[in-house]
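Structure, as structure tokens:
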Number of protein chains: 2
Amino acid sequence: MTRPIYLDHSATTRVAPEVVAAMEPYMGDRFGNPSSLHALGREARAAVEHSRETIAMHLGANTKEIVFTAGATEANNLALIGAAFASEERRHIITTAIEHHAVLHTAQWLQSQGFPVTVLDVDAAGRVDVDAVRQALREDTLLVSIMAGNNEIGTLQPIQEIGTMCRERGVLFHTDAVQAFGKVPLPMDSVDLLSVSAHKLHGPKGVGFLYVRRGVKLVPLLHGGGHEGGRRSGTENVPSIVGLGAATEIAFSEMEKLATRLRGFRARLIEGVAGIPGTRLNGHPTESLPHIANFSFEAIEGEGLVLKLDELGVAVSTGSACSSPDLEPSHVLRAIGVPMSTIHGSLRVSTGRGTTPEEIEAFLEHLPGAVEALRAFSPFKVGDRRVH
Amino acid sequence: MTRPIYLDHSATTRVAPEVVAAMEPYMGDRFGNPSSLHALGREARAAVEHSRETIAMHLGANTKEIVFTAGATEANNLALIGAAFASEERRHIITTAIEHHAVLHTAQWLQSQGFPVTVLDVDAAGRVDVDAVRQALREDTLLVSIMAGNNEIGTLQPIQEIGTMCRERGVLFHTDAVQAFGKVPLPMDSVDLLSVSAHKLHGPKGVGFLYVRRGVKLVPLLHGGGHEGGRRSGTENVPSIVGLGAATEIAFSEMEKLATRLRGFRARLIEGVAGIPGTRLNGHPTESLPHIANFSFEAIEGEGLVLKLDELGVAVSTGSACSSPDLEPSHVLRAIGVPMSTIHGSLRVSTGRGTTPEEIEAFLEHLPGAVEALRAFSPFKVGDRRVH
């Protein structure tokens with residue numbers, strides 16, 4: 001298979017060669033279990049703790065505040081379920097309509113277990129209104145969970161203001177920072193719980209962490225040997241934790257430079273796509289993650305466009321990879337009010353560390369023809385307002 | 001660090017070079033997200049499903065019955081919590097006093113959530129009595145969870161009889177097969193739920209699976225994108241799932257031959273240790289996993305012996321790696337009635353694929369001197385019945 005032009009970095013990323021190199025010894029000679037007393041075990045323990053220190057340092061956190069998990073889905077579940085089951089009196093949870101399903105479906109499950117949930121709307125650009133959060137806060141609100149930056153449309157949320165407001169009311173504030181961590185600075189002072197995944201960051205799949213501010217009580221999701229300070233049992237995934245540390249190190253060392261570069265790509269993508277008739281940008285034009293641009297195309301199906309571009313050697317997506325197999329329109333695009341005439345025709349373009357200007361131009365050269373080809377076979381027309 | 005004589009395979013194992021080789025492409029060029037529609041995504045999906053087919057084939061299971069998890073702790077938690085929360089009327093759970101903490105602590109947590117739990121005793125060799133299980137079954141029993149082979153003392157359980165009896169009563173039967181999978185044949189016909197971890201099997205850490213018999217309902221532990229047929233959300237850990245498949249392939253291709261070899265090592269270890277005064281074998285002499293032998297030494301601390309042997313280049317453990325850091329006596333040794341005079345002086349020796357006869361002999365040469373050296377400094381004497 002020829003290596004495609006990969007513009008789907010929000011779905012997953014290639015593990016950086018430096019990260020693979022850091023991991024490999026822990027699958028080979030350094031394969032010990034960190035709980036073992038002998039030298040191989042102590043060496044593995046040291047590697048896990050070194051990774052924890054790297055992450056804590058970049059976040060300005062204490063090492064005890066980092067709980068390694070099998071990824072962000074687990075981190076999000078641990079944040080919400082763990083806080084809910086640990087809460088003695090407060091039971092109310094606030095979240096938004098555009099959260100990742102790992103937050104939204106977890107909140108829905110908690111609702112079925114007797115925890116009332118308020119799901120806030122967002123505006124047409126995908127922004128949550130700070131005042132709407134304030135008005136939703138109740139005496140018995142235990143947790144507000146609002147993502148830092150959206151995984152489909154890129155919109156950044158005012159998490160600093162929201163987190164500060166929560167802190168003043170004694171309400172826990174959780175943010176899903178899967179797409180934001182290592183891409184934009186995070187207001188850690190305002191956050192109690194923060195979820196991160198390695199594989200969005202050129203780290204390995206199957207590992208992530210939950211930042212848990214000192215003093216925040218969680219009931220563990222996984223019971224057992226009492227690893228991670230009793231908050232997450234299960235033998236530590238040493239090579240992957242080492243990889244997450246290495247990926248964090250790389251991401252933070254180049255964050256500003258990379259963000260500037262990716263913002264440039266985003267601006268060029270917006271400009272380039274605007275030249276095609278019957279398109280719109282979904283999400284906020286500027287208050288956005290640097291690497292995500294989401295567009296709608298009238299009179300075509302996003303899946304068709306993804307497959308057409310795939311034939312041309314370009315890998316993109318219609319939205320969240322997690323929901324790609326179902327054909328339901330994106331809950332994020334519905335929440336921002338994308339008209340039914342274009343909601344099925346969405347395309348998420350997400351750039352990354354390896355993206356080149358040449359790749360962006362090649363994509364923009366392929367795109368109009370691909371769109372045109374699909375529209376030629378479509379029963380709908382540009383400007384058509386019928387629902388398809 | 002010189003490579004030690006590694007006799008701690010029950011704690012974890014080196015990832016086999018063939019397994020690493022199988023994984024590497026999926027951290028490199030084949031890094032796609034299996035939920036992505038494009039070629040990179042489809043290639044990752046194919047790899048995950050190929051691994052699922054390999055595992056299902058060796059278990060005589062259907063591919064839909066294999067749910068990948070982040071390891072056996074998660075699989076055990078999913079089995080118990082998932083079945084408990086999915087149960088409409090039955091609420092009673094039966095387990096044993098010698099389960100891994102991932103089962104025992106999960107059962108205890110469920111008890112705190114209103115699910116009554118019966119914890120069965122075992123005999124002096126660590127065997128569960130089938131009649132005791134029968135007598136413990138109640139009208140409202142939903143699940144029996146009994147491990148296939150114990151991780152500290154190696155004792156095998158009569159899971160076929162117990163599972164069959166459960167089936168007749170409409171009770172789910174779960175077995176933690178972490179130490180047994182790939183080592184001894186498993187009576188899949190009698191099992192509804194079965195937990196496996198890759199890293200005990202020369203596969204990577206951070207991945208495992210739960211076998212879920214068709215028709216068994218589970219509430220997911222991790223809510224989100226609905227992966228694994230809605231039973232376990234979270235981006236599939238492609239390289240590790242591929243590694244688990246490769247490790248399974250290797251384990252099943254050599255199972256009988258390896259088991260015979262490891263049984264020979266075990267017999268030699270038992271014979272060799274018996275020559276040291278003040279020792280006992282913990283666990284069943286013959287109804288045992290082939291790779292685990294557990295001994296008690298009077299008048300010494302197991303931790304001291306592990307560290308002494310570590311200095312001599314031999315890696316062993318006092319028992320479960322998961323509990324090594326705490327100094328509580330092993331719950332397994334307490335359950336089989338090891339006297340308090342020797343319960344702190346336990347040593348688990350666990351062999352594996354790479355173990356050689358020379359390593360066994362080297363260990364047996366080092367051991368008497370190490371025991372003697374520690375006893376020389378001990379305030380206790382062999383034959384002493386005082387509790388220490």
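Just so we're on the same page: first chain in the structure tokens is A, next is B, and so on; residues restart at 1 for each chain, and ligands are numbered from 1 in the order they show up.
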Could you name the residues that touch Arg375 of chain A at 10 Å or less, counting only C-alpha atoms, but leaving out those on the same chain fewer than 2 positions away, as a JSON list (two decimals) with N, CA, C and O atoms, in the first residue's frame?
```json
[["chain", "number", "residue", "atom", "x", "y", "z"],
["A", 297, "PHE", "N", -20.57, 19.61, 2.82],
["A", 297, "PHE", "CA", -20.73, 19.75, 1.37],
["A", 297, "PHE", "C", -22.17, 19.40, 1.03],
["A", 297, "PHE", "O", -22.62, 18.30, 1.36],
["A", 298, "GLU", "N", -22.84, 20.29, 0.40],
["A", 298, "GLU", "CA", -24.22, 20.02, 0.01],
["A", 298, "GLU", "C", -24.28, 18.91, -1.03],
["A", 298, "GLU", "O", -23.36, 18.75, -1.84],
["A", 299, "ALA", "N", -25.37, 18.16, -0.99],
["A", 299, "ALA", "CA", -25.73, 17.20, -2.03],
["A", 299, "ALA", "C", -24.78, 16.01, -2.18],
["A", 299, "ALA", "O", -24.76, 15.36, -3.23],
["A", 300, "ILE", "N", -23.99, 15.74, -1.14],
["A", 300, "ILE", "CA", -23.22, 14.49, -1.17],
["A", 300, "ILE", "C", -23.20, 13.84, 0.22],
["A", 300, "ILE", "O", -23.52, 14.47, 1.22],
["A", 301, "GLU", "N", -22.81, 12.57, 0.24],
["A", 301, "GLU", "CA", -22.65, 11.84, 1.50],
["A", 301, "GLU", "C", -21.17, 11.90, 1.89],
["A", 301, "GLU", "O", -20.30, 11.60, 1.06],
["A", 305, "LEU", "N", -17.51, 10.66, 0.03],
["A", 305, "LEU", "CA", -16.38, 11.55, -0.20],
["A", 305, "LEU", "C", -15.10, 10.97, 0.44],
["A", 305, "LEU", "O", -14.02, 11.00, -0.17],
["A", 369, "GLY", "N", -12.59, 17.94, -7.58],
["A", 369, "GLY", "CA", -12.96, 16.89, -8.52],
["A", 369, "GLY", "C", -13.74, 15.78, -7.84],
["A", 369, "GLY", "O", -14.72, 15.26, -8.40],
["A", 370, "ALA", "N", -13.31, 15.42, -6.63],
["A", 370, "ALA", "CA", -13.99, 14.36, -5.88],
["A", 370, "ALA", "C", -15.42, 14.79, -5.56],
["A", 370, "ALA", "O", -16.37, 14.02, -5.71],
["A", 371, "VAL", "N", -15.55, 16.02, -5.12],
["A", 371, "VAL", "CA", -16.88, 16.54, -4.78],
["A", 371, "VAL", "C", -17.76, 16.57, -6.03],
["A", 371, "VAL", "O", -18.92, 16.12, -6.01],
["A", 372, "GLU", "N", -17.20, 17.03, -7.10],
["A", 372, "GLU", "CA", -17.95, 17.15, -8.35],
["A", 372, "GLU", "C", -18.41, 15.77, -8.85],
["A", 372, "GLU", "O", -19.55, 15.58, -9.25],
["A", 373, "ALA", "N", -17.48, 14.82, -8.79],
["A", 373, "ALA", "CA", -17.81, 13.46, -9.24],
["A", 373, "ALA", "C", -18.97, 12.89, -8.46],
["A", 373, "ALA", "O", -19.88, 12.26, -9.02],
["A", 377, "PHE", "N", -23.48, 12.14, -9.47],
["A", 377, "PHE", "CA", -24.33, 10.95, -9.28],
["A", 377, "PHE", "C", -25.40, 11.17, -8.22],
["A", 377, "PHE", "O", -26.15, 10.26, -7.91],
["A", 378, "SER", "N", -25.42, 12.35, -7.62],
["A", 378, "SER", "CA", -26.34, 12.59, -6.51],
["A", 378, "SER", "C", -27.73, 12.95, -7.01],
["A", 378, "SER", "O", -27.87, 13.69, -7.99],
["A", 379, "PRO", "N", -28.77, 12.44, -6.37],
["A", 379, "PRO", "CA", -30.13, 12.86, -6.72],
["A", 379, "PRO", "C", -30.42, 14.28, -6.22],
["A", 379, "PRO", "O", -31.45, 14.86, -6.56],
["A", 380, "PHE", "N", -29.51, 14.82, -5.42],
["A", 380, "PHE", "CA", -29.73, 16.17, -4.87],
["A", 380, "PHE", "C", -28.86, 17.16, -5.63],
["A", 380, "PHE", "O", -27.91, 16.80, -6.30],
["A", 381, "LYS", "N", -29.22, 18.42, -5.48],
["A", 381, "LYS", "CA", -28.45, 19.46, -6.14],
["A", 381, "LYS", "C", -27.96, 20.47, -5.12],
["A", 381, "LYS", "O", -28.56, 20.61, -4.05],
["A", 382, "VAL", "N", -26.87, 21.16, -5.46],
["A", 382, "VAL", "CA", -26.39, 22.21, -4.58],
["A", 382, "VAL", "C", -27.48, 23.27, -4.47],
["A", 382, "VAL", "O", -28.06, 23.68, -5.48]]
```
Proximal residues of chain A relative to chain B (only C-alpha atoms; 6 Å) as number ranges by chain:
A: 12, 14-15, 27, 31, 33, 35-36, 38, 73, 101-102, 105-106, 205-206, 223-225, 234, 237, 310, 315, 321-322
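Neighbours of Asp140 of chain A closer than or equal to 6 Å, with only C-alpha atoms counted and sequence neighbours fewer than 5 positions away skipped, come out as Arg90, Arg91 and His92 of chain A.
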Here is a test: counting only C-alpha atoms, which residue of A:Leu210, A:Leu244, A:Met255, A:Ala124 is nearest to Gly352 of chain A?
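Among the listed residues, A:Met255 lies closest to Gly352 of chain A.
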Using DSSP secondary structure from the backbone, list all strand (DSSP E) positions within segment 131-271 of chain B, as a ChimeraX atom specification.
/B:141-145,172-176,193-197,208-212
Which one of A:Ala148, A:Ile93, A:Ala198, A:Ile98 sits closest to Gly114 of chain A if you count only C-alpha atoms?
A:Ile93
Could you give me, as a compact mmCIF listing (two decimals) with N, CA, C and O atoms, in the first residue's frame, each residue of segment 65-184 of chain A that DSSP assigns to alpha helix (DSSP H) when run on this structure's backbone?
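Resulting contents of out24.txt:
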```txt
# COMPACT_ATOMS: atom_id res chain seq x y z
N ALA A 72 -8.31 7.19 26.88
CA ALA A 72 -9.16 8.29 27.31
C ALA A 72 -10.58 7.84 27.60
O ALA A 72 -11.26 8.43 28.44
N THR A 73 -11.06 6.83 26.91
CA THR A 73 -12.41 6.35 27.22
C THR A 73 -12.45 5.91 28.68
O THR A 73 -13.36 6.27 29.43
N GLU A 74 -11.44 5.14 29.09
CA GLU A 74 -11.41 4.73 30.50
C GLU A 74 -11.24 5.94 31.42
O GLU A 74 -11.89 6.02 32.47
N ALA A 75 -10.38 6.88 31.03
CA ALA A 75 -10.16 8.07 31.86
C ALA A 75 -11.46 8.85 32.03
O ALA A 75 -11.81 9.29 33.13
N ASN A 76 -12.21 9.01 30.94
CA ASN A 76 -13.48 9.72 31.01
C ASN A 76 -14.49 8.97 31.88
O ASN A 76 -15.20 9.57 32.69
N ASN A 77 -14.55 7.67 31.70
CA ASN A 77 -15.46 6.86 32.52
C ASN A 77 -15.07 6.93 33.99
O ASN A 77 -15.94 7.07 34.87
N LEU A 78 -13.77 6.87 34.27
CA LEU A 78 -13.30 6.92 35.66
C LEU A 78 -13.64 8.28 36.28
O LEU A 78 -14.06 8.36 37.43
N ALA A 79 -13.45 9.34 35.49
CA ALA A 79 -13.75 10.68 36.00
C ALA A 79 -15.23 10.78 36.40
O ALA A 79 -15.56 11.18 37.51
N LEU A 80 -16.10 10.40 35.49
CA LEU A 80 -17.54 10.60 35.72
C LEU A 80 -18.10 9.58 36.71
O LEU A 80 -18.71 9.94 37.72
N ILE A 81 -17.88 8.31 36.43
CA ILE A 81 -18.45 7.27 37.30
C ILE A 81 -17.75 7.29 38.65
O ILE A 81 -18.38 7.19 39.70
N GLY A 82 -16.42 7.46 38.61
CA GLY A 82 -15.65 7.49 39.85
C GLY A 82 -16.08 8.62 40.77
O GLY A 82 -16.25 8.43 41.98
N ALA A 83 -16.29 9.80 40.20
CA ALA A 83 -16.72 10.94 41.01
C ALA A 83 -18.16 10.77 41.48
O ALA A 83 -18.50 11.09 42.62
N ALA A 84 -19.00 10.24 40.61
CA ALA A 84 -20.42 10.07 40.96
C ALA A 84 -20.58 9.09 42.12
O ALA A 84 -21.26 9.38 43.11
N PHE A 85 -19.93 7.93 41.99
CA PHE A 85 -20.08 6.92 43.05
C PHE A 85 -19.37 7.32 44.34
O PHE A 85 -19.69 6.80 45.41
N ALA A 86 -18.40 8.24 44.24
CA ALA A 86 -17.71 8.69 45.45
C ALA A 86 -18.47 9.81 46.16
O ALA A 86 -18.18 10.14 47.31
N HIS A 101 -18.60 10.61 22.87
CA HIS A 101 -19.51 9.61 23.43
C HIS A 101 -19.00 8.99 24.73
O HIS A 101 -19.78 8.50 25.54
N ALA A 102 -17.68 8.99 24.91
CA ALA A 102 -17.13 8.42 26.16
C ALA A 102 -17.56 9.23 27.37
O ALA A 102 -17.59 8.72 28.49
N VAL A 103 -17.90 10.49 27.15
CA VAL A 103 -18.48 11.29 28.24
C VAL A 103 -20.01 11.23 28.20
O VAL A 103 -20.67 10.96 29.20
N LEU A 104 -20.55 11.43 27.01
CA LEU A 104 -22.01 11.54 26.87
C LEU A 104 -22.72 10.22 27.24
O LEU A 104 -23.71 10.22 27.98
N HIS A 105 -22.20 9.11 26.73
CA HIS A 105 -22.84 7.83 27.03
C HIS A 105 -22.62 7.44 28.49
O HIS A 105 -23.46 6.77 29.09
N THR A 106 -21.50 7.85 29.05
CA THR A 106 -21.25 7.57 30.47
C THR A 106 -22.24 8.38 31.32
O THR A 106 -22.81 7.85 32.29
N ALA A 107 -22.44 9.63 30.94
CA ALA A 107 -23.41 10.47 31.67
C ALA A 107 -24.81 9.87 31.55
O ALA A 107 -25.57 9.83 32.53
N GLN A 108 -25.15 9.39 30.38
CA GLN A 108 -26.47 8.77 30.19
C GLN A 108 -26.61 7.53 31.07
O GLN A 108 -27.66 7.30 31.66
N TRP A 109 -25.54 6.74 31.16
CA TRP A 109 -25.61 5.55 32.01
C TRP A 109 -25.78 5.96 33.48
O TRP A 109 -26.59 5.37 34.21
N LEU A 110 -25.06 7.01 33.87
CA LEU A 110 -25.19 7.47 35.26
C LEU A 110 -26.62 7.96 35.52
O LEU A 110 -27.16 7.76 36.61
N GLN A 111 -27.22 8.58 34.51
CA GLN A 111 -28.62 9.02 34.67
C GLN A 111 -29.52 7.80 34.95
O GLN A 111 -30.38 7.86 35.81
N SER A 112 -29.24 6.70 34.25
CA SER A 112 -30.03 5.48 34.47
C SER A 112 -29.80 4.91 35.87
O SER A 112 -30.59 4.11 36.36
N VAL A 130 -20.85 30.37 29.08
CA VAL A 130 -20.49 30.30 30.50
C VAL A 130 -21.70 30.58 31.38
O VAL A 130 -21.89 29.94 32.41
N ASP A 131 -22.53 31.51 30.95
CA ASP A 131 -23.73 31.83 31.74
C ASP A 131 -24.71 30.66 31.78
O ASP A 131 -25.39 30.45 32.78
N ALA A 132 -24.77 29.92 30.70
CA ALA A 132 -25.65 28.74 30.67
C ALA A 132 -25.17 27.70 31.69
O ALA A 132 -25.99 27.06 32.36
N VAL A 133 -23.86 27.58 31.82
CA VAL A 133 -23.33 26.66 32.83
C VAL A 133 -23.71 27.18 34.22
O VAL A 133 -24.19 26.42 35.07
N ARG A 134 -23.52 28.48 34.42
CA ARG A 134 -23.82 29.07 35.73
C ARG A 134 -25.28 28.82 36.11
O ARG A 134 -25.59 28.43 37.22
N GLN A 135 -26.16 29.01 35.13
CA GLN A 135 -27.59 28.84 35.41
C GLN A 135 -27.95 27.37 35.65
O GLN A 135 -28.92 27.07 36.33
N ALA A 136 -27.17 26.50 35.08
CA ALA A 136 -27.48 25.06 35.24
C ALA A 136 -27.00 24.50 36.58
O ALA A 136 -27.45 23.44 37.02
N ILE A 159 -12.89 26.80 29.11
CA ILE A 159 -12.82 25.93 30.29
C ILE A 159 -12.20 26.63 31.50
O ILE A 159 -12.48 26.27 32.62
N GLN A 160 -11.38 27.65 31.24
CA GLN A 160 -10.80 28.34 32.39
C GLN A 160 -11.88 29.05 33.21
O GLN A 160 -11.96 28.87 34.43
N GLU A 161 -12.75 29.78 32.53
CA GLU A 161 -13.84 30.49 33.23
C GLU A 161 -14.78 29.49 33.89
O GLU A 161 -15.20 29.67 35.03
N ILE A 162 -15.11 28.45 33.14
CA ILE A 162 -16.08 27.47 33.68
C ILE A 162 -15.48 26.74 34.88
O ILE A 162 -16.13 26.59 35.91
N GLY A 163 -14.22 26.36 34.74
CA GLY A 163 -13.56 25.64 35.84
C GLY A 163 -13.45 26.50 37.09
O GLY A 163 -13.68 26.02 38.22
N THR A 164 -13.11 27.78 36.90
CA THR A 164 -12.99 28.68 38.04
C THR A 164 -14.33 28.85 38.74
O THR A 164 -14.42 28.82 39.97
N MET A 165 -15.37 29.00 37.92
CA MET A 165 -16.72 29.14 38.49
C MET A 165 -17.10 27.89 39.29
O MET A 165 -17.68 27.98 40.39
N CYS A 166 -16.79 26.73 38.74
CA CYS A 166 -17.09 25.48 39.45
C CYS A 166 -16.36 25.42 40.78
O CYS A 166 -16.94 25.07 41.82
N ARG A 167 -15.08 25.77 40.74
CA ARG A 167 -14.26 25.74 41.96
C ARG A 167 -14.90 26.58 43.06
O ARG A 167 -14.98 26.17 44.22
N GLU A 168 -15.39 27.78 42.66
CA GLU A 168 -16.02 28.68 43.65
C GLU A 168 -17.27 28.06 44.28
O GLU A 168 -17.63 28.37 45.40
```
Would you mind telling me which residue in B:Gly345, B:Val212, B:Arg231, B:Leu374 lies nearest to Leu59 of chain B when using only C-alpha atoms?
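Checking each candidate against Leu59 of chain B, we get B:Val212 as the closest.
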If we count only C-alpha atoms, what is near Pro185 of chain B at a cut-off of 9 Å, once residues fewer than 4 positions away on the same chain are taken out, given as a short mmCIF file (atom, residue, chain, number, x, y, z; two decimals) with all heavy atoms, in the first residue's frame?
```
data_model
loop_
_atom_site.label_atom_id
_atom_site.label_comp_id
_atom_site.auth_asym_id
_atom_site.auth_seq_id
_atom_site.Cartn_x
_atom_site.Cartn_y
_atom_site.Cartn_z
N ALA B 180 -3.96 -20.18 33.49
CA ALA B 180 -4.24 -21.49 32.87
C ALA B 180 -4.28 -21.44 31.34
O ALA B 180 -3.91 -22.40 30.67
CB ALA B 180 -5.57 -22.04 33.40
N PHE B 181 -4.72 -20.30 30.80
CA PHE B 181 -4.89 -20.18 29.35
C PHE B 181 -3.54 -20.40 28.64
O PHE B 181 -2.54 -19.77 28.95
CB PHE B 181 -5.43 -18.79 29.01
CG PHE B 181 -5.62 -18.54 27.54
CD1 PHE B 181 -6.74 -19.02 26.88
CD2 PHE B 181 -4.70 -17.78 26.82
CE1 PHE B 181 -6.94 -18.76 25.53
CE2 PHE B 181 -4.88 -17.52 25.46
CZ PHE B 181 -6.01 -18.02 24.81
N MET B 255 1.57 -26.05 23.42
CA MET B 255 1.03 -26.20 24.78
C MET B 255 1.40 -27.53 25.44
O MET B 255 1.96 -27.55 26.53
CB MET B 255 -0.48 -25.99 24.80
CG MET B 255 -1.07 -26.02 26.20
SD MET B 255 -2.71 -25.26 26.30
CE MET B 255 -3.70 -26.49 25.46
N GLU B 256 1.10 -28.64 24.76
CA GLU B 256 1.33 -29.94 25.39
C GLU B 256 2.79 -30.18 25.68
O GLU B 256 3.18 -30.63 26.76
CB GLU B 256 0.80 -31.06 24.49
CG GLU B 256 -0.69 -31.31 24.68
CD GLU B 256 -1.15 -32.47 23.81
OE1 GLU B 256 -0.56 -33.56 23.94
OE2 GLU B 256 -2.07 -32.27 23.01
#
```
Computed interatomic separation between atom CA of Glu18 of chain A and atom CA of Ala246 of chain A (Å):
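Taking atom CA of Glu18 of chain A and atom CA of Ala246 of chain A, their separation equals 7.6 Å.
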Shell of 12 Å around Leu333 of chain B, only C-alpha atoms, local chain residues under 2 positions omitted, as an MDAnalysis selection string
chainID B and resid 97:99 121:126 150:155 280:283 294:296 318:320 328:331 335:348
Could you tell me how far atom CA of Pro187 of chain B lies from atom CA of Glu53 of chain B, in Å and to one decimal?
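Atom-to-atom, atom CA of Pro187 of chain B and atom CA of Glu53 of chain B are spaced 19.0 Å apart.
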Can you measure atom CA of Val191 of chain B to atom CA of Val117 of chain B for me? One decimal in Å is fine.
19.9 Å
